[in-house]
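> Quick one: the structure is below, questions incoming.
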Amino acid sequence: MIASLNPALIVIVGALFVPLLKGRLRDVYIVALPILAALQLIGLDHGNYGQIELFDYQLVLLRVDRLSFIFGLIFLLATLLGMVFALHVKDTVQHVAGLIYAGAGTGAVFAGDMISLFVYWELTAITSVFLIWASRTERAYRAGLRYLVIQVGSGVLLLAGVIMYAQKTGSIAFDHLGLVDLPTAMIFIAIGIKCAFPLLHNWLQDAYPEATVTGTVILSAFTTKLAVYALARAYAGTEILIYIGAVMTAFPVFFAVIENDLRRVLAYSLNNQLGFMVVGVGVGSELALNGTVAHAFCHILYKALLFMSMGAVLFRCGTVKASELGGLYKSMPWTAGFCIVGAASISAFPLFSGFISKALILTGTAEAGYWGVWLVLVFASAGVLEHSGIKIPYFAFFAHDSGRRVKEAPMNMLIAMGITAFLCIAIGVVPGALYSLLPFAVDYQPYTVSHVVSQLQLLFFAMLAFAILVKKGLYPAEIDSTVLNTDWVYRKAMPWLIGKIAWGIGTARSQILDRVQRRLEHFVASVFKIHGPVGVMARTWPTGSTVLWVAVLLGLTLILYYI
Amino acid sequence: MASDPNKQDGEGAYQGGKSYWLDEPKNINRIYIGLWVVCALLALADLFYHKHAEFHFAEFPASYGIYGFVCFVFIVFAGKLLRKFVMRDKDYYDR
């Protein structure tokens with residue numbers, strides 16, 4: 001491997017050659033790119049590479065340390081799995097956009113300065129939108145545009161913050177910033193948009209479910225976890241993140257209960273999982289930060305697995321609406337099985353990956369003494385079980401039989417799901433391997449009797465609650481509907497408001513014009529009255545009377561002169 | 001749904017094809033009872049080991065289970081309530 005070659009560039013530059021290849025050769029090529037990049041990454045010693053002086057600032061194009069290494073590794077792994085899942089796709093745009101997007105996400109993680117970070121940041125925005133547009137529907141086109149505006153906006157805010165920061169401090173190094181002044185606040189919000197902070201979140205639920213079958217799988221891995229990485233790098237220990245994260249874990253669970261589109265349910269679930277990571281960053285202890293990183297790692301895998309299984313359902317059935325599915329385990333048993341592995345992992349069942357990563361965050365939060373937040377996180381864990389653990393597999397594969405009899409997912413999808421499912425279980429069973437890659441040394445044992453029994457209690461009692469509610473007919477039926485969220489503001493309220501304002505301006509304008517016109521007409525009429533053909537001033541007067549008036553005037557002048 | 005050629009009856013189970021273990025209501029009931037049994041055992045298990053809880057209130061036997069149950073029910077009912085405020089027709093944004 002070439003010393004100091006950026007692994008991200010292997011993927012980005014490599015993607016440009018994809019259109020030249022066809023058939024099997026292309027299949028091998030797109031799978032080989034992330035593998036080559038990962039090998040390059042593993043071969044690199046930790047340190048800074050590609051340092052360039054630009055004006056007075058130093059760019060660091062490639063920084064490999066424990067934090068960037070593990071994010072880079074999982075990003076490349078997600079790229080590989082996403083590409084295997086997308087092998088059956090014949091759409092070149094998706095392969096190229098997917099690879100450049102994944103490469104840009106990886107590049108951003110390795111960026112040691114904020115200018116390179118910005119460049120990769122915007123590249124992820126611009127390339128990822130093609131995965132949404134590739135659905136080639138009007139709906140996806142509009143969702144993609146909204147997504148692009150918000151993502152590019154995040155980048156612009158980042159750049160503005162970085163410029164102000166550089167002017168103030170003379171540095172563009174991307175290290176710990178802390179939330180201390182306006183520039184760092186701007187960078188914080190720019191990251192917050194990509195991280196789907198509460199009220200800044202809805203681009204995620206709006207756009208991801210509109211992407212293609214394979215596009216959503218790729219999308220789910222990078223943008224938001226890049227933001228988590230950036231927070232961990234620059235804002236570790238920022239207390240407000242604890243509360244932001246807690247809100248993120250809790251509020252999506254209510255929306256996920258009533259959402260009918262199962263990929264949108266997963267998008268809410270993604271938001272909720274990000275909340276756990278954000279809390280970990282906010283707590284900022286070594287244990288909590290390890291938890292954030294481990295959770296990001298596990299989450300990328302099980303979330304990809306869940307999106308893959310719903311993608312396979314969409315691919316075969318043409319819909320992922322819960323109200324139109326059910327009983328699919330009969331015709332897609334493998335997909336159902338893999339989906340359940342993903343569901344068990346995200347719900348943090350013992351022996352599955354989520355269990356060993358979420359525990360670090362929860363323990364870290366508890367050790368820091370945030371018992372209220374801790375209770376919210378445990379509450380949100382019950383919420384995760386509700387929408388991702390039960391709702392997704394139950395309504396797609398079980399529930400009442402929709403009568404759909406379809407083919408099992410294509411082989412490449414099954415292989416991708418199989419590998420991902422295997423990793424989810426392997427990480428859960430042998431947590432030491434993942435723990436050894438974390439930024440800080442881990443002294444934590446997830447498999448204690450106390451922890452296992454507590455977690456099983458939480459999960460099984462919640463499952464029992466579900467069973468009772470369904471049996472009593474109290475569980476809300478799936479309804480094909482639209483669930484409003486903050487995107488309502490810019491999809492309905494703002495157009496309505498702008499419409500009203502435009503109407504107001506229009507009406508005012510015409511009223512003013514009316515009034516001006518009436519005044520003018522009045523004025524013209526009065527001028528006409530005086531100067532018109534029959535007006536006082538237009539009358540033809542006899543010369544004699546004029547002479548008389550002149551004589552009067554002269555007389556008056558004379559009198560005035562003598563006085 | 002009506003356009004689905006595989007669909008042979010209006011509601012209820014799909015008729016035809018081979019039958020599955022889960023198609024039997026009897027077996028569904030077995031799972032239901034099984035859940036009760038597992039929960040009871042897990043609750044009892046709390047009495048037989050020293051519980052290392054993060055906070056004192058979590059050391060109470062079966063506290064995790066009870067909390068999980070209550071949270072789940074709360075989420076579902078809160079979701080039902082939320083529907084009253086945020087649910088619209090499926091083509092709401094397309095009009």
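Chains: A, B, ... in order of the structure tokens. Residues: from 1 per chain. Ligands: from 1, in order shown.
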Mind listing as JSON, numbers by chain which residues of chain B are within 8 Å of chain A, counting only C-alpha atoms?
{"B": [1, 4, 6, 7, 8, 12, 13, 14, 20, 32, 35, 36, 38, 39, 42, 43, 45, 46, 49, 50, 51, 52, 53, 54, 55, 62, 64, 65, 66, 67, 68, 69, 70, 71, 72, 73, 75, 76, 78, 79, 80, 82, 83, 86, 87, 88, 89, 90, 91, 92, 93]}
> Show which residues sit within 9 Å of A:Gly389, as a PyMOL selection string. Count only C-alpha atoms, and ignore same-chain residues fewer than 4 positions away.
chain A and resi 340+342-347+383-385+393-394
> Using DSSP secondary structure from the backbone, list all helix (DSSP H, G or I) positions within stretch 5-186 of chain A, as a short mmCIF file (atom, residue, chain, number, x, y, z; two decimals) with N, CA and C atoms, in the first residue's frame.

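After the write, result16.cif holds the following:
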data_model
loop_
_atom_site.label_atom_id
_atom_site.label_comp_id
_atom_site.auth_asym_id
_atom_site.auth_seq_id
_atom_site.Cartn_x
_atom_site.Cartn_y
_atom_site.Cartn_z
N PRO A 7 -7.38 6.74 2.32
CA PRO A 7 -8.29 5.65 1.94
C PRO A 7 -9.57 6.18 1.29
N ALA A 8 -10.01 7.36 1.72
CA ALA A 8 -11.25 7.91 1.17
C ALA A 8 -11.10 8.19 -0.32
N LEU A 9 -9.89 8.61 -0.72
CA LEU A 9 -9.68 8.94 -2.14
C LEU A 9 -9.75 7.70 -3.01
N ILE A 10 -9.37 6.54 -2.46
CA ILE A 10 -9.48 5.30 -3.23
C ILE A 10 -10.93 5.10 -3.66
N VAL A 11 -11.84 5.37 -2.71
CA VAL A 11 -13.26 5.16 -3.00
C VAL A 11 -13.78 6.27 -3.93
N ILE A 12 -13.42 7.52 -3.63
CA ILE A 12 -13.97 8.65 -4.40
C ILE A 12 -13.46 8.60 -5.84
N VAL A 13 -12.14 8.52 -6.00
CA VAL A 13 -11.57 8.52 -7.35
C VAL A 13 -11.95 7.22 -8.06
N GLY A 14 -11.92 6.13 -7.30
CA GLY A 14 -12.30 4.85 -7.89
C GLY A 14 -13.71 4.87 -8.45
N ALA A 15 -14.60 5.60 -7.78
CA ALA A 15 -16.00 5.65 -8.21
C ALA A 15 -16.14 6.24 -9.60
N VAL A 18 -16.34 3.73 -12.43
CA VAL A 18 -17.43 2.76 -12.45
C VAL A 18 -18.21 2.77 -13.78
N PRO A 19 -18.50 3.95 -14.35
CA PRO A 19 -19.29 3.96 -15.59
C PRO A 19 -18.61 3.24 -16.75
N LEU A 20 -17.28 3.08 -16.67
CA LEU A 20 -16.56 2.43 -17.77
C LEU A 20 -16.71 0.91 -17.73
N GLY A 23 -21.20 -5.32 -16.16
CA GLY A 23 -21.41 -6.72 -15.77
C GLY A 23 -20.62 -7.16 -14.56
N ARG A 24 -20.10 -8.38 -14.61
CA ARG A 24 -19.37 -8.98 -13.49
C ARG A 24 -18.19 -8.13 -13.05
N LEU A 25 -17.52 -7.54 -14.06
CA LEU A 25 -16.32 -6.76 -13.76
C LEU A 25 -16.68 -5.59 -12.85
N ARG A 26 -17.82 -4.95 -13.16
CA ARG A 26 -18.25 -3.83 -12.31
C ARG A 26 -18.59 -4.34 -10.91
N ASP A 27 -19.26 -5.47 -10.83
CA ASP A 27 -19.62 -6.04 -9.53
C ASP A 27 -18.38 -6.22 -8.66
N VAL A 28 -17.37 -6.84 -9.26
CA VAL A 28 -16.13 -7.10 -8.51
C VAL A 28 -15.50 -5.77 -8.11
N TYR A 29 -15.51 -4.82 -9.04
CA TYR A 29 -14.84 -3.54 -8.83
C TYR A 29 -15.46 -2.75 -7.67
N ILE A 30 -16.79 -2.64 -7.67
CA ILE A 30 -17.41 -1.80 -6.62
C ILE A 30 -17.31 -2.45 -5.24
N VAL A 31 -17.19 -3.76 -5.21
CA VAL A 31 -16.98 -4.43 -3.92
C VAL A 31 -15.51 -4.32 -3.50
N ALA A 32 -14.62 -4.32 -4.50
CA ALA A 32 -13.18 -4.28 -4.18
C ALA A 32 -12.75 -2.92 -3.65
N LEU A 33 -13.39 -1.84 -4.13
CA LEU A 33 -12.96 -0.50 -3.73
C LEU A 33 -12.95 -0.30 -2.20
N PRO A 34 -14.09 -0.55 -1.53
CA PRO A 34 -14.05 -0.36 -0.07
C PRO A 34 -13.09 -1.32 0.64
N ILE A 35 -12.91 -2.53 0.08
CA ILE A 35 -11.97 -3.47 0.70
C ILE A 35 -10.55 -2.93 0.59
N LEU A 36 -10.19 -2.44 -0.60
CA LEU A 36 -8.86 -1.86 -0.79
C LEU A 36 -8.64 -0.69 0.15
N ALA A 37 -9.67 0.17 0.24
CA ALA A 37 -9.56 1.34 1.10
C ALA A 37 -9.36 0.93 2.56
N ALA A 38 -10.09 -0.11 2.97
CA ALA A 38 -9.97 -0.57 4.35
C ALA A 38 -8.57 -1.13 4.61
N LEU A 39 -8.05 -1.88 3.64
CA LEU A 39 -6.69 -2.42 3.79
C LEU A 39 -5.68 -1.29 3.90
N GLN A 40 -5.86 -0.25 3.07
CA GLN A 40 -4.98 0.91 3.13
C GLN A 40 -5.04 1.56 4.52
N LEU A 41 -6.28 1.69 5.03
CA LEU A 41 -6.46 2.31 6.35
C LEU A 41 -5.75 1.50 7.44
N ILE A 42 -5.93 0.18 7.37
CA ILE A 42 -5.33 -0.67 8.40
C ILE A 42 -3.81 -0.60 8.33
N GLY A 43 -3.29 -0.41 7.10
CA GLY A 43 -1.84 -0.35 6.93
C GLY A 43 -1.22 0.96 7.39
N ARG A 66 -7.16 7.15 17.01
CA ARG A 66 -8.09 6.06 17.41
C ARG A 66 -9.53 6.42 17.08
N LEU A 67 -9.88 7.71 17.21
CA LEU A 67 -11.26 8.11 16.96
C LEU A 67 -11.59 8.05 15.46
N SER A 68 -10.69 8.60 14.63
CA SER A 68 -11.00 8.60 13.20
C SER A 68 -10.85 7.20 12.61
N PHE A 69 -9.95 6.41 13.20
CA PHE A 69 -9.73 5.06 12.65
C PHE A 69 -11.00 4.22 12.72
N ILE A 70 -11.63 4.20 13.88
CA ILE A 70 -12.78 3.30 14.04
C ILE A 70 -13.96 3.80 13.21
N PHE A 71 -14.13 5.13 13.12
CA PHE A 71 -15.20 5.65 12.26
C PHE A 71 -14.91 5.34 10.80
N GLY A 72 -13.64 5.52 10.40
CA GLY A 72 -13.28 5.21 9.02
C GLY A 72 -13.52 3.75 8.71
N LEU A 73 -13.16 2.90 9.66
CA LEU A 73 -13.31 1.46 9.45
C LEU A 73 -14.79 1.07 9.27
N ILE A 74 -15.65 1.58 10.15
CA ILE A 74 -17.06 1.20 10.05
C ILE A 74 -17.68 1.83 8.80
N PHE A 75 -17.22 3.02 8.42
CA PHE A 75 -17.74 3.63 7.19
C PHE A 75 -17.40 2.77 5.97
N LEU A 76 -16.17 2.27 5.94
CA LEU A 76 -15.78 1.46 4.79
C LEU A 76 -16.49 0.11 4.82
N LEU A 77 -16.71 -0.41 6.01
CA LEU A 77 -17.47 -1.66 6.14
C LEU A 77 -18.91 -1.46 5.65
N ALA A 78 -19.49 -0.32 6.04
CA ALA A 78 -20.85 -0.01 5.59
C ALA A 78 -20.90 0.17 4.08
N THR A 79 -19.84 0.77 3.52
CA THR A 79 -19.78 0.93 2.07
C THR A 79 -19.79 -0.43 1.39
N LEU A 80 -18.96 -1.32 1.93
CA LEU A 80 -18.87 -2.67 1.36
C LEU A 80 -20.24 -3.36 1.40
N LEU A 81 -20.87 -3.34 2.57
CA LEU A 81 -22.16 -4.02 2.71
C LEU A 81 -23.22 -3.38 1.81
N GLY A 82 -23.18 -2.05 1.76
CA GLY A 82 -24.14 -1.34 0.92
C GLY A 82 -23.95 -1.69 -0.55
N MET A 83 -22.71 -1.84 -0.97
CA MET A 83 -22.43 -2.17 -2.38
C MET A 83 -22.87 -3.61 -2.70
N VAL A 84 -22.61 -4.53 -1.78
CA VAL A 84 -23.06 -5.90 -2.01
C VAL A 84 -24.59 -5.92 -2.13
N PHE A 85 -25.23 -5.15 -1.26
CA PHE A 85 -26.69 -5.09 -1.27
C PHE A 85 -27.20 -4.49 -2.59
N THR A 92 -26.24 3.10 -12.99
CA THR A 92 -24.88 3.58 -12.75
C THR A 92 -24.85 4.77 -11.79
N VAL A 93 -25.86 5.65 -11.93
CA VAL A 93 -25.90 6.85 -11.07
C VAL A 93 -25.84 6.45 -9.59
N GLN A 94 -26.60 5.43 -9.25
CA GLN A 94 -26.64 5.02 -7.84
C GLN A 94 -25.30 4.49 -7.35
N HIS A 95 -24.64 3.69 -8.20
CA HIS A 95 -23.34 3.15 -7.79
C HIS A 95 -22.32 4.27 -7.60
N VAL A 96 -22.26 5.17 -8.58
CA VAL A 96 -21.27 6.25 -8.52
C VAL A 96 -21.58 7.18 -7.35
N ALA A 97 -22.84 7.63 -7.27
CA ALA A 97 -23.21 8.56 -6.20
C ALA A 97 -23.00 7.90 -4.83
N GLY A 98 -23.39 6.64 -4.72
CA GLY A 98 -23.24 5.93 -3.45
C GLY A 98 -21.79 5.85 -3.02
N LEU A 99 -20.92 5.53 -3.97
CA LEU A 99 -19.49 5.39 -3.63
C LEU A 99 -18.86 6.73 -3.29
N ILE A 100 -19.15 7.77 -4.09
CA ILE A 100 -18.54 9.07 -3.80
C ILE A 100 -19.06 9.59 -2.46
N TYR A 101 -20.35 9.40 -2.24
CA TYR A 101 -20.93 9.83 -0.96
C TYR A 101 -20.25 9.13 0.21
N ALA A 102 -20.10 7.81 0.10
CA ALA A 102 -19.46 7.05 1.17
C ALA A 102 -18.00 7.49 1.33
N GLY A 103 -17.33 7.71 0.20
CA GLY A 103 -15.94 8.17 0.26
C GLY A 103 -15.83 9.54 0.90
N ALA A 104 -16.78 10.42 0.58
CA ALA A 104 -16.76 11.77 1.15
C ALA A 104 -16.98 11.71 2.66
N GLY A 105 -17.89 10.84 3.07
CA GLY A 105 -18.12 10.67 4.52
C GLY A 105 -16.85 10.20 5.21
N THR A 106 -16.17 9.25 4.58
CA THR A 106 -14.92 8.72 5.15
C THR A 106 -13.86 9.80 5.16
N GLY A 107 -13.76 10.55 4.05
CA GLY A 107 -12.78 11.62 3.97
C GLY A 107 -12.98 12.66 5.06
N ALA A 108 -14.24 12.98 5.33
CA ALA A 108 -14.55 13.98 6.35
C ALA A 108 -14.05 13.53 7.72
N VAL A 109 -14.18 12.24 7.97
CA VAL A 109 -13.74 11.71 9.26
C VAL A 109 -12.22 11.84 9.42
N PHE A 110 -11.52 11.74 8.29
CA PHE A 110 -10.06 11.81 8.37
C PHE A 110 -9.54 13.24 8.23
N MET A 114 -10.67 22.16 9.37
CA MET A 114 -12.09 22.37 9.13
C MET A 114 -12.42 22.80 7.71
N ILE A 115 -11.39 23.23 6.96
CA ILE A 115 -11.66 23.55 5.55
C ILE A 115 -11.85 22.26 4.75
N SER A 116 -10.95 21.30 4.94
CA SER A 116 -11.15 20.01 4.26
C SER A 116 -12.45 19.38 4.75
N LEU A 117 -12.72 19.53 6.04
CA LEU A 117 -13.97 18.99 6.58
C LEU A 117 -15.16 19.58 5.82
N PHE A 118 -15.12 20.90 5.60
CA PHE A 118 -16.21 21.57 4.90
C PHE A 118 -16.37 21.02 3.48
N VAL A 119 -15.24 20.82 2.80
CA VAL A 119 -15.31 20.34 1.42
C VAL A 119 -15.99 18.96 1.37
N TYR A 120 -15.55 18.07 2.24
CA TYR A 120 -16.16 16.74 2.28
C TYR A 120 -17.61 16.82 2.75
N TRP A 121 -17.86 17.72 3.68
CA TRP A 121 -19.21 17.94 4.25
C TRP A 121 -20.19 18.23 3.13
N GLU A 122 -19.80 19.16 2.24
CA GLU A 122 -20.69 19.54 1.13
C GLU A 122 -20.75 18.44 0.08
N LEU A 123 -19.62 17.73 -0.08
CA LEU A 123 -19.62 16.64 -1.07
C LEU A 123 -20.61 15.54 -0.65
N THR A 124 -20.70 15.27 0.65
CA THR A 124 -21.68 14.27 1.08
C THR A 124 -23.09 14.74 0.75
N ALA A 125 -23.33 16.06 0.91
CA ALA A 125 -24.67 16.59 0.65
C ALA A 125 -25.02 16.44 -0.83
N ILE A 126 -24.09 16.87 -1.68
CA ILE A 126 -24.39 16.93 -3.11
C ILE A 126 -24.52 15.54 -3.72
N THR A 127 -23.67 14.61 -3.28
CA THR A 127 -23.73 13.27 -3.89
C THR A 127 -24.91 12.46 -3.34
N SER A 128 -25.21 12.65 -2.05
CA SER A 128 -26.24 11.79 -1.47
C SER A 128 -27.62 12.08 -2.04
N VAL A 129 -27.84 13.31 -2.50
CA VAL A 129 -29.18 13.65 -3.00
C VAL A 129 -29.51 12.81 -4.24
N PHE A 130 -28.49 12.37 -4.94
CA PHE A 130 -28.76 11.55 -6.13
C PHE A 130 -29.34 10.18 -5.76
N LEU A 131 -29.03 9.73 -4.56
CA LEU A 131 -29.61 8.46 -4.11
C LEU A 131 -31.11 8.62 -3.85
N ILE A 132 -31.52 9.86 -3.56
CA ILE A 132 -32.95 10.13 -3.38
C ILE A 132 -33.60 10.34 -4.74
N TRP A 133 -32.96 11.18 -5.56
CA TRP A 133 -33.53 11.44 -6.88
C TRP A 133 -33.60 10.20 -7.75
N GLU A 138 -41.79 12.15 -8.76
CA GLU A 138 -41.99 13.55 -8.44
C GLU A 138 -41.79 13.79 -6.94
N ARG A 139 -42.36 12.86 -6.17
CA ARG A 139 -42.28 12.93 -4.72
C ARG A 139 -40.82 12.93 -4.23
N ALA A 140 -40.03 12.00 -4.80
CA ALA A 140 -38.63 11.89 -4.42
C ALA A 140 -37.87 13.13 -4.87
N TYR A 141 -38.23 13.66 -6.04
CA TYR A 141 -37.55 14.84 -6.55
C TYR A 141 -37.73 16.01 -5.57
N ARG A 142 -38.98 16.20 -5.14
CA ARG A 142 -39.26 17.31 -4.22
C ARG A 142 -38.59 17.08 -2.87
N ALA A 143 -38.69 15.85 -2.35
CA ALA A 143 -38.04 15.55 -1.07
C ALA A 143 -36.53 15.78 -1.18
N GLY A 144 -35.96 15.39 -2.32
CA GLY A 144 -34.53 15.56 -2.54
C GLY A 144 -34.13 17.03 -2.52
N LEU A 145 -34.96 17.86 -3.15
CA LEU A 145 -34.66 19.29 -3.15
C LEU A 145 -34.67 19.87 -1.75
N ARG A 146 -35.69 19.49 -0.98
CA ARG A 146 -35.76 19.99 0.40
C ARG A 146 -34.53 19.54 1.18
N TYR A 147 -34.17 18.26 0.97
CA TYR A 147 -33.00 17.67 1.64
C TYR A 147 -31.74 18.44 1.26
N LEU A 148 -31.59 18.72 -0.03
CA LEU A 148 -30.38 19.38 -0.51
C LEU A 148 -30.25 20.78 0.08
N VAL A 149 -31.35 21.51 0.11
CA VAL A 149 -31.32 22.87 0.66
C VAL A 149 -30.83 22.85 2.10
N ILE A 150 -31.36 21.91 2.88
CA ILE A 150 -30.99 21.85 4.30
C ILE A 150 -29.54 21.41 4.47
N GLN A 151 -29.12 20.39 3.71
CA GLN A 151 -27.76 19.88 3.84
C GLN A 151 -26.73 20.91 3.41
N VAL A 152 -26.97 21.56 2.28
CA VAL A 152 -26.03 22.58 1.82
C VAL A 152 -26.04 23.75 2.80
N GLY A 153 -27.23 24.05 3.31
CA GLY A 153 -27.33 25.11 4.32
C GLY A 153 -26.45 24.81 5.52
N SER A 154 -26.45 23.57 5.95
CA SER A 154 -25.59 23.16 7.07
C SER A 154 -24.13 23.43 6.74
N GLY A 155 -23.75 23.14 5.50
CA GLY A 155 -22.37 23.36 5.08
C GLY A 155 -22.00 24.84 5.08
N VAL A 156 -22.94 25.67 4.59
CA VAL A 156 -22.68 27.11 4.53
C VAL A 156 -22.50 27.66 5.95
N LEU A 157 -23.34 27.19 6.86
CA LEU A 157 -23.23 27.62 8.25
C LEU A 157 -21.89 27.18 8.83
N LEU A 158 -21.49 25.96 8.49
CA LEU A 158 -20.20 25.45 8.95
C LEU A 158 -19.07 26.36 8.46
N LEU A 159 -19.11 26.68 7.17
CA LEU A 159 -18.06 27.50 6.58
C LEU A 159 -18.01 28.88 7.25
N ALA A 160 -19.19 29.47 7.43
CA ALA A 160 -19.24 30.78 8.07
C ALA A 160 -18.62 30.71 9.46
N GLY A 161 -19.00 29.67 10.21
CA GLY A 161 -18.45 29.49 11.55
C GLY A 161 -16.94 29.33 11.52
N VAL A 162 -16.46 28.52 10.55
CA VAL A 162 -15.02 28.25 10.47
C VAL A 162 -14.26 29.52 10.14
N ILE A 163 -14.78 30.33 9.22
CA ILE A 163 -14.09 31.57 8.84
C ILE A 163 -13.99 32.50 10.05
N MET A 164 -15.11 32.63 10.77
CA MET A 164 -15.08 33.50 11.94
C MET A 164 -14.13 32.96 13.00
N TYR A 165 -14.14 31.64 13.15
CA TYR A 165 -13.27 31.00 14.13
C TYR A 165 -11.80 31.23 13.76
N ALA A 166 -11.51 31.08 12.46
CA ALA A 166 -10.12 31.25 12.00
C ALA A 166 -9.66 32.68 12.22
N GLN A 167 -10.54 33.65 11.96
CA GLN A 167 -10.17 35.05 12.18
C GLN A 167 -9.87 35.33 13.64
N LYS A 168 -10.64 34.68 14.48
CA LYS A 168 -10.51 34.94 15.91
C LYS A 168 -9.28 34.25 16.50
N THR A 169 -9.05 33.00 16.10
CA THR A 169 -8.00 32.21 16.74
C THR A 169 -6.78 32.00 15.86
N LEU A 182 -19.70 32.73 19.43
CA LEU A 182 -20.56 32.68 18.24
C LEU A 182 -20.03 31.72 17.17
N PRO A 183 -18.72 31.82 16.80
CA PRO A 183 -18.24 30.90 15.76
C PRO A 183 -18.43 29.42 16.15
N THR A 184 -18.09 29.08 17.39
CA THR A 184 -18.23 27.68 17.77
C THR A 184 -19.71 27.29 17.85
N ALA A 185 -20.58 28.26 18.17
CA ALA A 185 -22.01 27.97 18.18
C ALA A 185 -22.52 27.71 16.77
N MET A 186 -21.98 28.47 15.80
CA MET A 186 -22.41 28.26 14.42
C MET A 186 -21.99 26.88 13.92
#
> For stretch 48-63 of chain A, find every residue with an atom within 7 Å (counting only C-alpha atoms), except residues of its own chain fewer than 2 positions away, and show them as a ChimeraX atom specification.
/A:4,6,65,110-113,116,171-172
> Do you know which residues are at most 8 Å from A:Arg263 counting only C-alpha atoms, after dropping those on the same chain fewer than 6 positions away, and could you put them as a PyMOL selection string?
chain A and resi 208-209+307+310+320
> Just want the 9 Å neighbourhood of A:Cys424, counted on only C-alpha atoms, with same-chain residues fewer than 3 positions away dropped. Output as a PDB file with N, CA and C atoms, in the first residue's frame.

ATOM      1  N   CYS A 298     -22.069  -0.167  16.138  1.00  0.00           N
ATOM      2  CA  CYS A 298     -23.105  -1.204  16.124  1.00  0.00           C
ATOM      3  C   CYS A 298     -24.348  -0.721  15.381  1.00  0.00           C
ATOM      4  N   LEU A 301     -24.421  -0.894  11.642  1.00  0.00           N
ATOM      5  CA  LEU A 301     -24.669  -2.251  11.148  1.00  0.00           C
ATOM      6  C   LEU A 301     -26.132  -2.662  11.298  1.00  0.00           C
ATOM      7  N   TYR A 302     -26.695  -2.535  12.509  1.00  0.00           N
ATOM      8  CA  TYR A 302     -28.069  -3.044  12.640  1.00  0.00           C
ATOM      9  C   TYR A 302     -29.085  -2.147  11.951  1.00  0.00           C
ATOM     10  N   VAL A 341     -32.945 -10.362  13.544  1.00  0.00           N
ATOM     11  CA  VAL A 341     -31.613 -10.159  14.135  1.00  0.00           C
ATOM     12  C   VAL A 341     -31.348  -8.657  14.311  1.00  0.00           C
ATOM     13  N   GLY A 342     -31.672  -7.879  13.266  1.00  0.00           N
ATOM     14  CA  GLY A 342     -31.501  -6.421  13.362  1.00  0.00           C
ATOM     15  C   GLY A 342     -32.366  -5.842  14.466  1.00  0.00           C
ATOM     16  N   SER A 345     -30.951  -6.628  17.782  1.00  0.00           N
ATOM     17  CA  SER A 345     -29.728  -5.860  18.046  1.00  0.00           C
ATOM     18  C   SER A 345     -30.068  -4.446  18.480  1.00  0.00           C
ATOM     19  N   LEU A 351     -26.534 -10.724  23.929  1.00  0.00           N
ATOM     20  CA  LEU A 351     -25.934 -11.502  22.844  1.00  0.00           C
ATOM     21  C   LEU A 351     -26.103 -10.829  21.482  1.00  0.00           C
ATOM     22  N   PHE A 352     -26.709  -9.645  21.453  1.00  0.00           N
ATOM     23  CA  PHE A 352     -26.766  -8.873  20.208  1.00  0.00           C
ATOM     24  C   PHE A 352     -26.031  -7.543  20.421  1.00  0.00           C
ATOM     25  N   SER A 353     -25.602  -6.935  19.286  1.00  0.00           N
ATOM     26  CA  SER A 353     -24.623  -5.845  19.379  1.00  0.00           C
ATOM     27  C   SER A 353     -25.093  -4.652  20.207  1.00  0.00           C
ATOM     28  N   GLY A 354     -26.359  -4.264  20.065  1.00  0.00           N
ATOM     29  CA  GLY A 354     -26.834  -3.073  20.779  1.00  0.00           C
ATOM     30  C   GLY A 354     -26.655  -3.178  22.283  1.00  0.00           C
ATOM     31  N   ILE A 419     -24.241 -11.259   6.095  1.00  0.00           N
ATOM     32  CA  ILE A 419     -22.977 -10.821   6.691  1.00  0.00           C
ATOM     33  C   ILE A 419     -23.254  -9.823   7.817  1.00  0.00           C
ATOM     34  N   THR A 420     -24.174  -8.887   7.546  1.00  0.00           N
ATOM     35  CA  THR A 420     -24.468  -7.862   8.554  1.00  0.00           C
ATOM     36  C   THR A 420     -25.053  -8.504   9.809  1.00  0.00           C
ATOM     37  N   ALA A 421     -25.972  -9.450   9.606  1.00  0.00           N
ATOM     38  CA  ALA A 421     -26.586 -10.131  10.754  1.00  0.00           C
ATOM     39  C   ALA A 421     -25.526 -10.879  11.547  1.00  0.00           C
ATOM     40  N   ILE A 427     -20.542  -9.306  17.354  1.00  0.00           N
ATOM     41  CA  ILE A 427     -20.168  -8.211  18.258  1.00  0.00           C
ATOM     42  C   ILE A 427     -20.842  -8.399  19.619  1.00  0.00           C
ATOM     43  N   GLY A 428     -22.090  -8.864  19.578  1.00  0.00           N
ATOM     44  CA  GLY A 428     -22.806  -9.074  20.836  1.00  0.00           C
ATOM     45  C   GLY A 428     -22.212 -10.200  21.665  1.00  0.00           C
ATOM     46  N   VAL A 429     -21.753 -11.250  20.987  1.00  0.00           N
ATOM     47  CA  VAL A 429     -21.240 -12.420  21.708  1.00  0.00           C
ATOM     48  C   VAL A 429     -19.798 -12.177  22.159  1.00  0.00           C
TER      49      VAL A 429
END
